[in-house]
>>> print(open('data-v6.csv').read())   # CSV, C-alpha atoms
chain,number,residue,atom,x,y,z
A,1,MET,CA,3.3,-22.4,19.8
A,2,ALA,CA,0.4,-22.3,17.3
A,3,ALA,CA,1.0,-20.3,14.1
A,4,SER,CA,-0.6,-16.9,14.0
A,5,LEU,CA,-3.5,-16.3,11.8
A,6,ALA,CA,-2.8,-12.6,11.5
A,7,PRO,CA,-3.6,-11.1,8.1
A,8,GLU,CA,-0.9,-11.0,5.6
A,9,ARG,CA,-0.3,-7.9,3.5
A,10,ARG,CA,1.4,-9.6,0.5
A,11,PRO,CA,-0.5,-9.6,-2.8
A,12,LEU,CA,-2.4,-12.8,-3.7
A,13,VAL,CA,-0.7,-12.9,-7.1
A,14,PRO,CA,2.9,-11.6,-6.5
A,15,TYR,CA,4.0,-11.1,-10.1
A,16,GLY,CA,1.9,-8.1,-11.1
A,17,VAL,CA,-1.3,-9.8,-12.2
A,18,SER,CA,-4.4,-7.9,-11.1
A,19,GLY,CA,-8.0,-8.8,-11.6
A,20,THR,CA,-9.3,-12.0,-13.2
A,21,SER,CA,-7.2,-13.3,-16.1
A,22,ARG,CA,-8.6,-14.8,-19.3
A,23,ALA,CA,-7.4,-18.2,-18.4
A,24,GLU,CA,-9.2,-18.0,-15.0
A,25,ARG,CA,-12.5,-17.0,-16.7
A,26,LEU,CA,-12.1,-19.8,-19.2
A,27,CYS,CA,-11.5,-22.4,-16.5
A,28,VAL,CA,-14.4,-21.3,-14.4
A,29,ALA,CA,-16.7,-21.3,-17.4
A,30,THR,CA,-15.5,-24.8,-18.3
A,31,GLY,CA,-16.1,-26.0,-14.7
A,32,VAL,CA,-19.6,-24.6,-14.8
A,33,LEU,CA,-20.3,-26.5,-18.0
A,34,LEU,CA,-18.9,-29.7,-16.6
A,35,CYS,CA,-21.2,-29.3,-13.6
A,36,LEU,CA,-24.2,-28.7,-15.9
A,37,SER,CA,-23.3,-31.8,-17.8
A,38,GLY,CA,-23.4,-33.8,-14.5
A,39,LEU,CA,-26.8,-32.3,-13.7
A,40,VAL,CA,-28.2,-33.0,-17.2
A,41,HIS,CA,-27.1,-36.7,-16.9
A,42,LEU,CA,-28.8,-36.8,-13.5
A,43,ALA,CA,-32.0,-35.8,-15.3
A,44,VAL,CA,-31.3,-38.5,-17.9
A,45,PHE,CA,-30.9,-41.1,-15.1
A,46,LEU,CA,-34.2,-40.0,-13.5
A,47,VAL,CA,-36.0,-40.5,-16.9
A,48,ASP,CA,-34.1,-43.5,-18.2
A,49,GLY,CA,-33.6,-45.4,-15.0
A,50,GLY,CA,-31.2,-48.3,-14.8
A,51,PRO,CA,-28.7,-49.2,-12.1
A,52,TRP,CA,-27.0,-46.4,-10.2
A,53,PHE,CA,-23.9,-48.5,-9.2
A,54,GLY,CA,-21.7,-50.7,-11.3
A,55,PRO,CA,-19.3,-50.1,-14.2
A,56,VAL,CA,-22.2,-49.2,-16.6
A,57,SER,CA,-24.6,-46.6,-15.2
A,58,TRP,CA,-25.5,-43.0,-15.5
A,59,ARG,CA,-23.9,-42.4,-12.1
A,60,LYS,CA,-20.5,-42.0,-13.7
A,61,PRO,CA,-21.2,-39.0,-16.0
A,62,VAL,CA,-23.2,-37.5,-13.1
A,63,THR,CA,-20.5,-37.8,-10.4
A,64,PHE,CA,-17.6,-37.2,-12.7
A,65,GLY,CA,-19.1,-34.1,-14.3
A,66,LEU,CA,-20.0,-32.6,-10.9
A,67,SER,CA,-16.7,-33.6,-9.3
A,68,PHE,CA,-14.4,-32.5,-12.1
A,69,GLY,CA,-16.4,-29.3,-12.5
A,70,LEU,CA,-16.2,-28.4,-8.9
A,71,THR,CA,-12.5,-29.3,-8.7
A,72,LEU,CA,-11.6,-27.2,-11.7
A,73,ILE,CA,-13.4,-24.2,-10.2
A,74,ALA,CA,-11.9,-24.8,-6.8
A,75,VAL,CA,-8.3,-25.2,-8.1
A,76,THR,CA,-8.7,-22.0,-10.3
A,77,TRP,CA,-9.7,-20.1,-7.2
A,78,VAL,CA,-7.3,-21.4,-4.6
A,79,THR,CA,-4.2,-21.2,-6.8
A,80,SER,CA,-4.7,-17.4,-6.9
A,81,TYR,CA,-3.2,-17.5,-3.4
A,82,LEU,CA,-0.1,-19.4,-4.4
A,83,ARG,CA,3.3,-17.7,-4.9
A,84,ILE,CA,3.6,-18.9,-8.5
A,85,GLY,CA,4.4,-17.1,-11.8
A,86,ALA,CA,1.3,-15.9,-13.6
A,87,ARG,CA,2.2,-17.5,-16.9
A,88,ARG,CA,3.1,-20.8,-15.3
A,89,ARG,CA,-0.1,-20.8,-13.3
A,90,ALA,CA,-2.2,-20.0,-16.4
A,91,ALA,CA,-0.5,-22.7,-18.4
A,92,LEU,CA,-1.1,-25.3,-15.7
A,93,LEU,CA,-4.7,-24.3,-15.3
A,94,LEU,CA,-5.4,-24.5,-19.0
A,95,VAL,CA,-3.8,-28.0,-19.2
A,96,PHE,CA,-5.9,-29.0,-16.2
A,97,ALA,CA,-9.1,-27.7,-17.7
A,98,ALA,CA,-8.5,-29.5,-21.0
A,99,ASP,CA,-7.7,-32.7,-19.1
A,100,CYS,CA,-10.9,-32.4,-17.1
A,101,VAL,CA,-12.9,-32.0,-20.3
A,102,VAL,CA,-11.2,-35.1,-21.9
A,103,GLU,CA,-11.9,-37.2,-18.8
A,104,VAL,CA,-15.6,-36.2,-18.5
A,105,ALA,CA,-16.1,-36.5,-22.3
A,106,GLY,CA,-14.6,-40.0,-22.4
A,107,ILE,CA,-16.7,-41.2,-19.4
A,108,THR,CA,-19.9,-39.6,-20.8
A,109,LEU,CA,-19.3,-41.1,-24.3
A,110,GLN,CA,-19.0,-44.6,-22.9
A,111,ALA,CA,-22.0,-44.1,-20.7
A,112,TRP,CA,-24.1,-43.4,-23.8
A,113,ARG,CA,-22.6,-46.4,-25.5
A,114,ARG,CA,-23.6,-48.5,-22.5
A,115,VAL,CA,-20.1,-49.9,-22.0
A,116,PRO,CA,-17.6,-49.4,-19.1
A,117,SER,CA,-15.3,-46.4,-19.4
A,118,HIS,CA,-12.4,-47.5,-17.3
A,119,LEU,CA,-10.5,-50.8,-17.6
A,120,ASN,CA,-12.4,-51.7,-20.7
A,121,THR,CA,-10.3,-53.4,-23.4
A,122,GLY,CA,-13.1,-55.3,-25.1
A,123,THR,CA,-12.6,-53.5,-28.5
A,124,PRO,CA,-9.8,-51.4,-29.9
A,125,PHE,CA,-12.0,-48.3,-29.5
A,126,ASP,CA,-12.8,-49.1,-25.9
A,127,THR,CA,-9.1,-49.7,-25.3
A,128,ALA,CA,-8.2,-46.3,-26.8
A,129,VAL,CA,-10.8,-44.6,-24.5
A,130,ALA,CA,-9.6,-46.4,-21.4
A,131,MET,CA,-6.0,-45.6,-22.2
A,132,THR,CA,-6.8,-42.0,-22.8
A,133,LEU,CA,-8.5,-41.8,-19.4
A,134,ALA,CA,-5.5,-43.4,-17.8
A,135,VAL,CA,-3.1,-41.0,-19.4
A,136,GLY,CA,-5.4,-38.1,-18.4
A,137,GLY,CA,-5.2,-39.3,-14.9
A,138,GLY,CA,-1.4,-39.1,-15.1
A,139,VAL,CA,-1.7,-35.5,-16.3
A,140,LEU,CA,-3.9,-34.6,-13.4
A,141,VAL,CA,-1.3,-36.0,-11.0
A,142,VAL,CA,1.5,-33.9,-12.6
A,143,VAL,CA,-0.5,-30.6,-12.7
A,144,LEU,CA,-1.9,-30.9,-9.2
A,145,SER,CA,1.4,-32.0,-7.8
A,146,ALA,CA,3.0,-28.9,-9.3
A,147,PHE,CA,0.4,-26.7,-7.5
A,148,ALA,CA,0.9,-28.6,-4.2
A,149,ALA,CA,4.6,-28.1,-4.4
A,150,ALA,CA,4.1,-24.4,-4.9
A,151,ALA,CA,1.9,-24.3,-1.8
A,152,PHE,CA,4.6,-25.8,0.3
A,153,LEU,CA,7.7,-24.1,-1.2
A,154,ARG,CA,6.4,-20.6,-0.6
A,155,ARG,CA,3.8,-19.6,2.0
A,156,PRO,CA,0.5,-18.8,0.3
A,157,GLY,CA,-1.2,-15.4,0.8
A,158,GLY,CA,-4.8,-14.7,1.5
A,159,PRO,CA,-7.0,-14.2,4.6
A,160,PRO,CA,-5.8,-15.4,8.0
A,161,GLY,CA,-5.5,-19.2,8.0
A,162,MET,CA,-5.5,-19.6,4.2
A,163,ALA,CA,-1.9,-20.9,4.1
A,164,LEU,CA,-2.8,-23.7,6.6
A,165,ALA,CA,-6.0,-24.5,4.7
A,166,LEU,CA,-4.3,-24.7,1.3
A,167,ARG,CA,-1.4,-26.8,2.5
A,168,SER,CA,-3.7,-29.2,4.3
A,169,GLY,CA,-6.1,-29.3,1.3
A,170,PHE,CA,-3.3,-30.0,-1.2
A,171,ALA,CA,-1.8,-32.6,1.1
A,172,ILE,CA,-5.1,-34.4,1.4
A,173,LEU,CA,-5.6,-34.0,-2.3
A,174,MET,CA,-2.4,-36.0,-2.9
A,175,VAL,CA,-4.1,-38.9,-1.0
A,176,ALA,CA,-7.0,-38.7,-3.5
A,177,LEU,CA,-4.5,-38.8,-6.4
A,178,LEU,CA,-2.6,-41.7,-4.9
A,179,SER,CA,-5.7,-43.8,-4.3
A,180,GLY,CA,-6.9,-43.1,-7.8
A,181,ALA,CA,-3.6,-44.3,-9.2
A,182,VAL,CA,-3.8,-47.4,-7.1
A,183,MET,CA,-7.3,-48.1,-8.3
A,184,ILE,CA,-6.2,-47.8,-12.0
A,185,ALA,CA,-3.0,-49.8,-11.5
A,186,ARG,CA,-4.8,-52.6,-9.7
A,187,GLY,CA,-7.6,-52.7,-12.1
A,188,VAL,CA,-5.3,-52.8,-15.2
A,189,ALA,CA,-3.3,-55.6,-13.7
A,190,LEU,CA,-6.4,-57.7,-13.1
A,191,SER,CA,-8.0,-56.9,-16.5
A,192,ARG,CA,-4.8,-57.9,-18.3
A,193,THR,CA,-4.8,-61.3,-16.6
A,194,GLY,CA,-8.4,-61.9,-17.7
A,195,HIS,CA,-10.2,-61.0,-14.5
A,196,GLN,CA,-12.4,-58.2,-15.8
A,197,GLN,CA,-15.1,-58.4,-13.2
A,198,ALA,CA,-12.5,-58.6,-10.4
A,199,ALA,CA,-10.9,-55.5,-11.9
A,200,TYR,CA,-14.2,-53.5,-11.6
A,201,ASP,CA,-14.8,-54.9,-8.1
A,202,SER,CA,-11.3,-54.0,-6.9
A,203,THR,CA,-11.9,-50.3,-7.2
A,204,ALA,CA,-14.9,-50.3,-4.8
A,205,PRO,CA,-13.0,-50.2,-1.4
A,206,LEU,CA,-10.9,-47.2,-2.4
A,207,LYS,CA,-13.7,-45.1,-3.8
A,208,PRO,CA,-14.8,-43.6,-0.4
A,209,LEU,CA,-11.2,-42.7,0.4
A,210,HIS,CA,-10.8,-41.1,-3.1
A,211,GLY,CA,-14.0,-39.2,-2.9
A,212,VAL,CA,-13.5,-37.8,0.7
A,213,SER,CA,-10.0,-36.6,0.1
A,214,LEU,CA,-10.7,-35.1,-3.4
A,215,HIS,CA,-12.4,-32.0,-2.2
A,216,ALA,CA,-10.5,-30.9,0.8
A,217,VAL,CA,-8.7,-28.3,-1.3
A,218,LEU,CA,-12.1,-26.6,-1.8
A,219,VAL,CA,-13.8,-27.2,1.6
A,220,LEU,CA,-10.9,-26.0,3.8
A,221,PRO,CA,-10.1,-22.7,1.9
A,222,ALA,CA,-13.9,-22.0,1.6
A,223,LEU,CA,-14.1,-22.4,5.4
A,224,VAL,CA,-11.3,-19.9,5.9
A,225,LEU,CA,-13.2,-17.4,3.7
A,226,LEU,CA,-16.3,-17.9,5.7
A,227,LEU,CA,-14.4,-17.5,9.0
A,228,SER,CA,-12.9,-14.3,7.8
A,229,ARG,CA,-16.4,-12.8,7.4
A,230,THR,CA,-17.4,-13.6,11.0
A,231,SER,CA,-17.0,-11.3,14.0
A,232,TRP,CA,-15.2,-14.1,16.0
A,233,SER,CA,-11.9,-13.4,17.6
A,234,GLU,CA,-8.7,-14.5,15.9
A,235,VAL,CA,-8.1,-17.2,18.6
A,236,THR,CA,-11.6,-18.6,18.0
A,237,ARG,CA,-11.2,-18.7,14.3
A,238,GLN,CA,-7.9,-20.3,14.7
A,239,ARG,CA,-9.2,-23.0,16.9
A,240,PHE,CA,-12.2,-23.7,14.6
A,241,LEU,CA,-9.9,-24.0,11.6
A,242,TYR,CA,-7.5,-26.4,13.4
A,243,ALA,CA,-10.5,-28.5,14.5
A,244,ALA,CA,-11.8,-28.6,10.9
A,245,VAL,CA,-8.5,-29.7,9.5
A,246,GLY,CA,-8.2,-32.3,12.3
A,247,ALA,CA,-11.8,-33.6,11.5
A,248,TYR,CA,-11.1,-33.7,7.8
A,249,THR,CA,-7.9,-35.6,8.4
A,250,ALA,CA,-9.6,-38.0,10.7
A,251,ALA,CA,-12.3,-38.7,8.1
A,252,VAL,CA,-9.6,-39.5,5.5
A,253,LEU,CA,-7.8,-41.8,8.0
A,254,VAL,CA,-11.1,-43.6,8.7
A,255,ALA,CA,-11.7,-44.0,5.0
A,256,GLY,CA,-8.2,-45.2,4.5
A,257,VAL,CA,-8.4,-47.8,7.3
A,258,ARG,CA,-11.7,-49.0,5.9
A,259,ALA,CA,-10.2,-49.3,2.5
A,260,GLY,CA,-7.3,-51.3,3.9
A,261,LEU,CA,-9.5,-53.7,5.7
A,262,THR,CA,-11.8,-54.4,2.8
A,263,TRP,CA,-9.5,-54.2,-0.2
>>> encode(input="data-v6.csv", output="structure tokens")
Amino acid sequence: MAASLAPERRPLVPYGVSGTSRAERLCVATGVLLCLSGLVHLAVFLVDGGPWFGPVSWRKPVTFGLSFGLTLIAVTWVTSYLRIGARRRAALLLVFAADCVVEVAGITLQAWRRVPSHLNTGTPFDTAVAMTLAVGGGVLVVVLSAFAAAAFLRRPGGPPGMALALRSGFAILMVALLSGAVMIARGVALSRTGHQQAAYDSTAPLKPLHGVSLHAVLVLPALVLLLSRTSWSEVTRQRFLYAAVGAYTAAVLVAGVRAGLTW
């Protein structure tokens, strides 16, 4: 029998936190600044020109600024529905925000230096930047995995259907993290054996899978919020949500199959 989407009456933050915390405000403000950085570099690209694709292009500060900014804002919002201690959540969010800044800053710095940001070991400085970005990726995995575990260990609160959206979103997000880790591991292995161009080329097949699965944790909960504001019946909202989860999962599977066939 399908799970009911009846409203839950438990508080969104169960340990006595009310309103918006200082950590949340800081994370949202940081996310907005990262998005603005991406838009600024889009303007730079329009003025300066150059290739959009490839390891050295303005695409990277644009897409990473927007992606990290949106993800930080989304994670700050959706984790308010998790059954997690307020201090633990705030600490994880602040670590996540700092890591997002480090990742975008490193990528942006290398874009202005006109050198690749990832898998670049041409000089000691470039190696330090590439290693910092790789370590930062590991921190992202740890923090987001902690939030994902919280979503599955205790049923999240929120509007009807939010628990399903959050659990599905975090599960799909794990696919994004795994594909990102595979890209880094494969690229590092190739670059260390002297196949630098092959290292850059090896990441291309996994990028669509990584990009599609990265934002499910924002799209699905946002859909639940929109559905909660409609006059549709509970059954209709439930069917629409299940269809959306199924469609998003199918898109991830298609991207995964494509990656497997072309990698």
>>> residues_around(input="data-v6.csv", residues="Ala247 of chain A", least_positions_apart="4", cutoff="12 Å", atoms="all atoms listed in the file", output="PDB file with C-alpha atoms, in the coordinates of the input")
ATOM      1  CA  SER A 168      -3.700 -29.200   4.300  1.00  0.00           C
ATOM      2  CA  VAL A 212     -13.500 -37.800   0.700  1.00  0.00           C
ATOM      3  CA  SER A 213     -10.000 -36.600   0.100  1.00  0.00           C
ATOM      4  CA  ALA A 216     -10.500 -30.900   0.800  1.00  0.00           C
ATOM      5  CA  VAL A 219     -13.800 -27.200   1.600  1.00  0.00           C
ATOM      6  CA  LEU A 220     -10.900 -26.000   3.800  1.00  0.00           C
ATOM      7  CA  PHE A 240     -12.200 -23.700  14.600  1.00  0.00           C
ATOM      8  CA  LEU A 241      -9.900 -24.000  11.600  1.00  0.00           C
ATOM      9  CA  TYR A 242      -7.500 -26.400  13.400  1.00  0.00           C
ATOM     10  CA  ALA A 243     -10.500 -28.500  14.500  1.00  0.00           C
ATOM     11  CA  ALA A 251     -12.300 -38.700   8.100  1.00  0.00           C
ATOM     12  CA  VAL A 252      -9.600 -39.500   5.500  1.00  0.00           C
ATOM     13  CA  LEU A 253      -7.800 -41.800   8.000  1.00  0.00           C
ATOM     14  CA  VAL A 254     -11.100 -43.600   8.700  1.00  0.00           C
TER      15      VAL A 254
END
>>> closest_residue(input="data-v6.csv", among="A:Thr79, A:Thr127, A:Thr132, A:Gln110", to="Ala163 of chain A", atoms="all atoms listed in the file")
A:Thr79
>>> residues_around(input="data-v6.csv", residues="Val104 of chain A", least_positions_apart="4", cutoff="10 Å", atoms="all atoms listed in the file", output="list of chain:residue names")
A:Leu34, A:Ser37, A:Gly38, A:Lys60, A:Pro61, A:Val62, A:Thr63, A:Phe64, A:Gly65, A:Leu66, A:Ser67, A:Phe68, A:Gly69, A:Asp99, A:Cys100, A:Thr108, A:Leu109, A:Leu133
>>> atom_distance(input="data-v6.csv", atom1="atom CA of Trp112 of chain A", atom2="atom CA of Cys35 of chain A")
17.6 Å
>>> atom_distance(input="data-v6.csv", atom1="atom CA of Arg167 of chain A", atom2="atom CA of Ala148 of chain A")
7.3 Å
